[in-house]
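For reference, work_6.txt (compact mmCIF, C-alpha atoms and all ligand atoms):
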# COMPACT_ATOMS: atom_id res chain seq x y z
CA MET B 1 88.83 75.67 104.17
CA LYS B 2 86.95 78.81 105.09
CA PRO B 3 89.14 81.82 105.79
CA ARG B 4 89.29 82.69 109.46
CA ASN B 5 89.31 86.34 108.71
CA ASN B 6 89.05 87.98 105.31
CA LEU B 7 91.26 90.86 106.33
CA ASN B 8 94.01 88.45 107.24
CA ARG B 9 93.81 86.74 103.92
CA ARG B 10 94.31 89.70 101.66
CA ALA B 11 93.96 87.79 98.47
CA PHE B 12 96.71 88.33 95.94
CA LEU B 13 95.53 86.69 92.78
CA VAL B 14 98.54 86.16 90.61
CA GLY B 15 98.79 85.29 86.97
CA SER B 16 101.33 82.82 85.68
CA THR B 17 103.54 85.67 84.50
CA ILE B 18 104.04 86.87 88.04
CA ALA B 19 105.36 83.50 89.18
CA ALA B 20 108.94 84.72 88.77
CA THR B 21 108.21 87.49 91.22
CA GLY B 22 109.14 86.85 94.81
CA ALA B 23 107.01 88.62 97.36
CA ILE B 24 109.05 89.79 100.30
CA PRO B 25 108.48 87.80 103.48
CA ALA B 26 106.96 90.25 105.88
CA ALA B 27 108.34 88.42 108.88
CA ALA B 28 111.80 89.67 107.98
CA CYS B 29 110.78 93.29 108.36
CA ALA B 30 107.69 93.79 110.44
CA LYS B 31 107.66 91.29 113.28
CA GLY B 32 107.26 92.81 116.67
CA ALA B 33 105.36 95.83 115.39
CA LYS B 34 103.23 97.39 118.10
CA GLY B 35 99.50 96.82 118.10
CA MET B 36 97.35 99.26 116.18
CA SER B 37 94.33 99.20 118.48
CA ASP B 38 94.41 102.93 119.26
CA PHE B 39 95.41 104.01 115.76
CA THR B 40 92.93 105.99 113.67
CA TYR B 41 93.36 106.97 110.05
CA GLU B 42 92.99 110.63 109.13
CA VAL B 43 90.14 109.80 106.74
CA THR B 44 87.53 107.43 108.09
CA HIS B 45 84.03 106.42 106.96
CA THR B 46 81.48 103.89 108.05
CA ASP B 47 81.25 100.72 106.03
CA ALA B 48 77.99 101.97 104.49
CA GLU B 49 79.68 105.20 103.45
CA TRP B 50 82.60 103.36 101.84
CA ARG B 51 80.16 101.22 99.89
CA GLU B 52 78.41 104.36 98.73
CA MET B 53 81.63 106.14 97.76
CA LEU B 54 83.43 103.32 95.99
CA THR B 55 82.42 101.09 93.11
CA LYS B 56 81.95 97.41 93.91
CA ASP B 57 85.40 96.56 92.55
CA GLU B 58 87.08 99.45 94.35
CA TYR B 59 85.42 98.40 97.60
CA LYS B 60 86.60 94.80 97.19
CA VAL B 61 90.20 95.83 96.61
CA MET B 62 90.48 98.79 98.98
CA ARG B 63 88.28 97.79 101.90
CA GLU B 64 88.43 93.97 101.72
CA GLY B 65 92.04 93.67 100.60
CA SER B 66 91.21 91.74 97.49
CA THR B 67 93.31 91.81 94.34
CA GLU B 68 92.01 92.66 90.91
CA PHE B 69 92.58 90.30 88.02
CA PRO B 70 95.77 91.17 86.13
CA PHE B 71 95.25 93.64 83.25
CA THR B 72 91.99 94.90 84.81
CA THR B 73 92.87 98.55 84.25
CA SER B 74 94.93 100.23 81.53
CA TYR B 75 97.33 101.67 84.09
CA TRP B 76 99.59 98.61 83.97
CA ASN B 77 101.17 99.90 80.74
CA ASN B 78 100.39 103.60 80.98
CA ASN B 79 103.23 106.04 80.38
CA ASP B 80 101.18 109.23 80.55
CA PRO B 81 102.76 111.83 82.82
CA GLY B 82 100.78 112.62 85.94
CA THR B 83 100.03 111.81 89.55
CA TYR B 84 98.23 108.73 90.82
CA HIS B 85 95.67 109.47 93.53
CA CYS B 86 94.01 107.22 96.10
CA LYS B 87 90.44 106.35 95.13
CA GLY B 88 89.50 106.36 98.81
CA CYS B 89 90.74 109.80 99.87
CA ASP B 90 92.42 111.45 96.88
CA LEU B 91 95.88 111.48 98.50
CA GLU B 92 98.67 111.81 95.90
CA LEU B 93 100.33 108.39 96.16
CA TYR B 94 102.61 107.88 93.16
CA GLU B 95 104.15 109.92 90.36
CA SER B 96 104.32 108.63 86.80
CA ASP B 97 108.11 109.09 86.76
CA GLN B 98 108.30 106.33 89.38
CA TYR B 99 106.32 103.96 87.18
CA SER B 100 108.17 100.75 86.32
CA PRO B 101 106.96 98.95 83.21
CA GLN B 102 106.33 95.26 83.92
CA GLU B 103 104.37 92.74 81.87
CA MET B 104 102.34 91.39 84.77
CA GLY B 105 99.12 93.32 84.50
CA PHE B 106 99.47 95.35 87.70
CA VAL B 107 100.86 98.85 88.17
CA PHE B 108 104.44 98.88 89.40
CA PHE B 109 106.27 101.80 90.99
CA ARG B 110 109.84 102.11 92.27
CA HIS B 111 108.58 104.05 95.26
CA SER B 112 105.68 106.11 96.54
CA ASN B 113 105.46 109.81 97.27
CA THR B 114 106.82 110.84 100.64
CA ASN B 115 104.51 109.98 103.52
CA ALA B 116 101.90 108.49 101.18
CA VAL B 117 101.77 104.80 102.03
CA LEU B 118 102.17 102.49 105.01
CA THR B 119 102.88 98.79 105.12
CA ALA B 120 101.35 96.01 107.14
CA ILE B 121 101.53 92.27 107.41
CA ASP B 122 99.19 90.45 105.09
CA VAL B 123 98.66 86.72 105.34
CA THR B 124 97.65 84.97 102.16
CA ASP B 125 98.06 81.67 100.35
CA TYR B 126 97.62 83.41 96.98
CA HIS B 127 94.25 81.77 96.39
CA GLY B 128 95.63 78.35 97.11
CA MET B 129 98.80 78.75 95.05
CA LEU B 130 100.90 78.31 98.17
CA PRO B 131 100.68 75.14 100.25
CA GLU B 132 99.83 77.25 103.30
CA PRO B 133 99.21 80.95 104.07
CA LYS B 134 102.34 83.06 104.35
CA GLU B 135 103.06 86.59 105.49
CA PHE B 136 103.68 89.31 102.91
CA LEU B 137 104.05 93.06 103.05
CA GLU B 138 100.90 94.88 102.12
CA VAL B 139 100.92 98.50 100.93
CA HIS B 140 98.04 100.70 101.99
CA CYS B 141 97.15 104.39 101.89
CA ARG B 142 98.54 106.37 104.80
CA ARG B 143 95.47 108.62 105.01
CA CYS B 144 92.47 106.29 104.61
CA GLY B 145 94.01 102.85 105.07
CA GLY B 146 92.76 101.65 101.71
CA HIS B 147 94.53 98.51 100.48
CA LEU B 148 96.66 99.28 97.42
CA GLY B 149 98.80 96.21 96.79
CA HIS B 150 102.04 94.59 97.97
CA LEU B 151 105.77 95.06 97.98
CA VAL B 152 107.32 92.46 95.71
CA GLN B 153 110.75 91.66 94.46
CA VAL B 154 111.11 91.68 90.68
CA LYS B 155 114.57 90.55 89.62
CA GLU B 156 116.90 92.73 91.73
CA GLU B 157 114.36 95.45 92.49
CA ILE B 158 111.79 95.85 95.24
CA LEU B 159 108.68 97.37 93.67
CA HIS B 160 105.23 98.48 94.76
CA CYS B 161 102.82 96.14 92.93
CA ILE B 162 99.57 98.13 92.96
CA ASN B 163 96.00 97.43 91.90
CA GLY B 164 95.03 99.93 89.19
CA THR B 165 91.52 99.78 90.63
CA ALA B 166 92.71 101.67 93.70
CA LEU B 167 94.25 104.50 91.67
CA GLY B 168 93.12 107.49 89.66
CA LEU B 169 95.61 109.19 87.29
CA ARG B 170 95.51 112.96 87.09
CA ALA B 171 97.39 114.23 84.04
CA ALA B 172 100.38 116.49 84.68
ZN ZN B 201 93.54 106.94 100.71
Go through the file and emit its structure as structure tokens.
Amino acid sequence: MKPRNNLNRRAFLVGSTIAATGAIPAAACAKGAKGMSDFTYEVTHTDAEWREMLTKDEYKVMREGSTEFPFTTSYWNNNDPGTYHCKGCDLELYESDQYSPQEMGFVFFRHSNTNAVLTAIDVTDYHGMLPEPKEFLEVHCRRCGGHLGHLVQVKEEILHCINGTALGLRAA
């Protein structure tokens, strides 16, 4: 079946190792949110400008809400001290001391920097892994709106599961 709307099917391609991870049903937290029709991000560009600024892979993840393949970047097991910036607008999103090592091929953080990310409802069937599309909580950059990843539950913890493609690490 053809997706009705790509933006509403923010694809979250998951490897078998992430199967134990429960994504948090967005409906529990975000239903009834007011419409965003008059909302404008602080950093905006035309589609042509985004395509110029970002690599093909960055564009797919950040502007189309796609998900990289697990283990795409080395950040998933990077313990170097520093600050992770948004590839779309350079906002400082995460600190390395909030990094949470997980063996799933994405970059996990316990939380973001203050006022760095927003969440939205994201409807996906995980590339057909679910019988029907379900709502999940997407994490995106507060300043440019770039898609970063999702909030997921790993064991007892709620973590930010982020595409390394959307991040740049600046050493401390
Ligand atoms: Zn940004």
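With only C-alpha atoms as the atoms that count, the residue of B:Gly65, B:Pro133, B:Pro70, B:Gly168 with the shortest distance to His85 of chain B is B:Gly168.
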Distance table requested - chain B against ligand ZN 201 (chain B), cut-off 8 Å, all atoms listed in the file: one row per qualifying residue with the closest atom pair and its distance in Å to one decimal, ordered by chain and rising residue number, as a tab-separated table.
residue	atom	partner	partner_atom	distance
B:Val43	CA	B:ZN201	ZN	7.5
B:His85	CA	B:ZN201	ZN	7.9
B:Cys86	CA	B:ZN201	ZN	4.6
B:Lys87	CA	B:ZN201	ZN	6.4
B:Gly88	CA	B:ZN201	ZN	4.5
B:Cys89	CA	B:ZN201	ZN	4.1
B:Asp90	CA	B:ZN201	ZN	6.0
B:Leu91	CA	B:ZN201	ZN	5.6
B:His140	CA	B:ZN201	ZN	7.8
B:Cys141	CA	B:ZN201	ZN	4.6
B:Arg142	CA	B:ZN201	ZN	6.5
B:Arg143	CA	B:ZN201	ZN	5.0
B:Cys144	CA	B:ZN201	ZN	4.1
B:Gly145	CA	B:ZN201	ZN	6.0
B:Gly146	CA	B:ZN201	ZN	5.4
Exercise. Just give me the gap between atom CA of Arg170 of chain B and atom CA of Tyr84 of chain B in Å, one decimal is fine.
Key: 6.3 Å
Box along x, y and z, 8 Å on every side, all listed atoms of segment 153-159 of chain B inside: centre and edge lengths in Å to one decimal, as JSON.
{"center_x": 112.8, "center_y": 94.0, "center_z": 92.4, "size_x": 24.2, "size_y": 22.8, "size_z": 21.6}
Exercise. Excluding Asp47 of chain B and residues on its chain fewer than 6 positions from it, collect all residues at most 10 Å away from it, counting only C-alpha atoms, and give them as a PyMOL selection string.
Key: chain B and resi 53+59+63
Write a file of the selected residues as an mmCIF file, in the frame of the given file, keeping C-alpha atoms.
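Once everything was written out, this is selection12.cif:
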data_model
loop_
_atom_site.group_PDB
_atom_site.id
_atom_site.type_symbol
_atom_site.label_atom_id
_atom_site.label_comp_id
_atom_site.auth_asym_id
_atom_site.auth_seq_id
_atom_site.Cartn_x
_atom_site.Cartn_y
_atom_site.Cartn_z
ATOM 1 C CA MET B 53 81.630 106.140 97.760
ATOM 2 C CA TYR B 59 85.420 98.400 97.600
ATOM 3 C CA ARG B 63 88.280 97.790 101.900
#
Exercise. Can you pull out every residue within 10 Å of Val61 of chain B, counting only C-alpha atoms, but drop anything in the same chain fewer than 5 positions away, and send it as a ChimeraX atom specification?
Key: /B:10-12,56,66-68,146-149,163-166
Quiz prompt | Atom-to-atom span, atom CA of Phe39 of chain B and atom CA of Leu167 of chain B, Å | solution = 24.1 Å
Quiz item: So how many Å separate atom CA of Leu159 of chain B and atom CA of Phe108 of chain B, to one decimal?
Solution: 6.2 Å
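With only C-alpha atoms as the atoms that count, the residue of B:Gln102, B:Ser112, B:Thr46, B:Thr119 with the shortest distance to Trp76 of chain B is B:Gln102.
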Self-check item: Among listed residues B:Thr55, B:Asn113, B:Gln153, B:Ser100, nearest Asn77 of chain B (using only C-alpha atoms)
Solution: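 Checking each of B:Thr55, B:Asn113, B:Gln153, B:Ser100 against Asn77 of chain B, counting only C-alpha atoms, the winner is B:Ser100.
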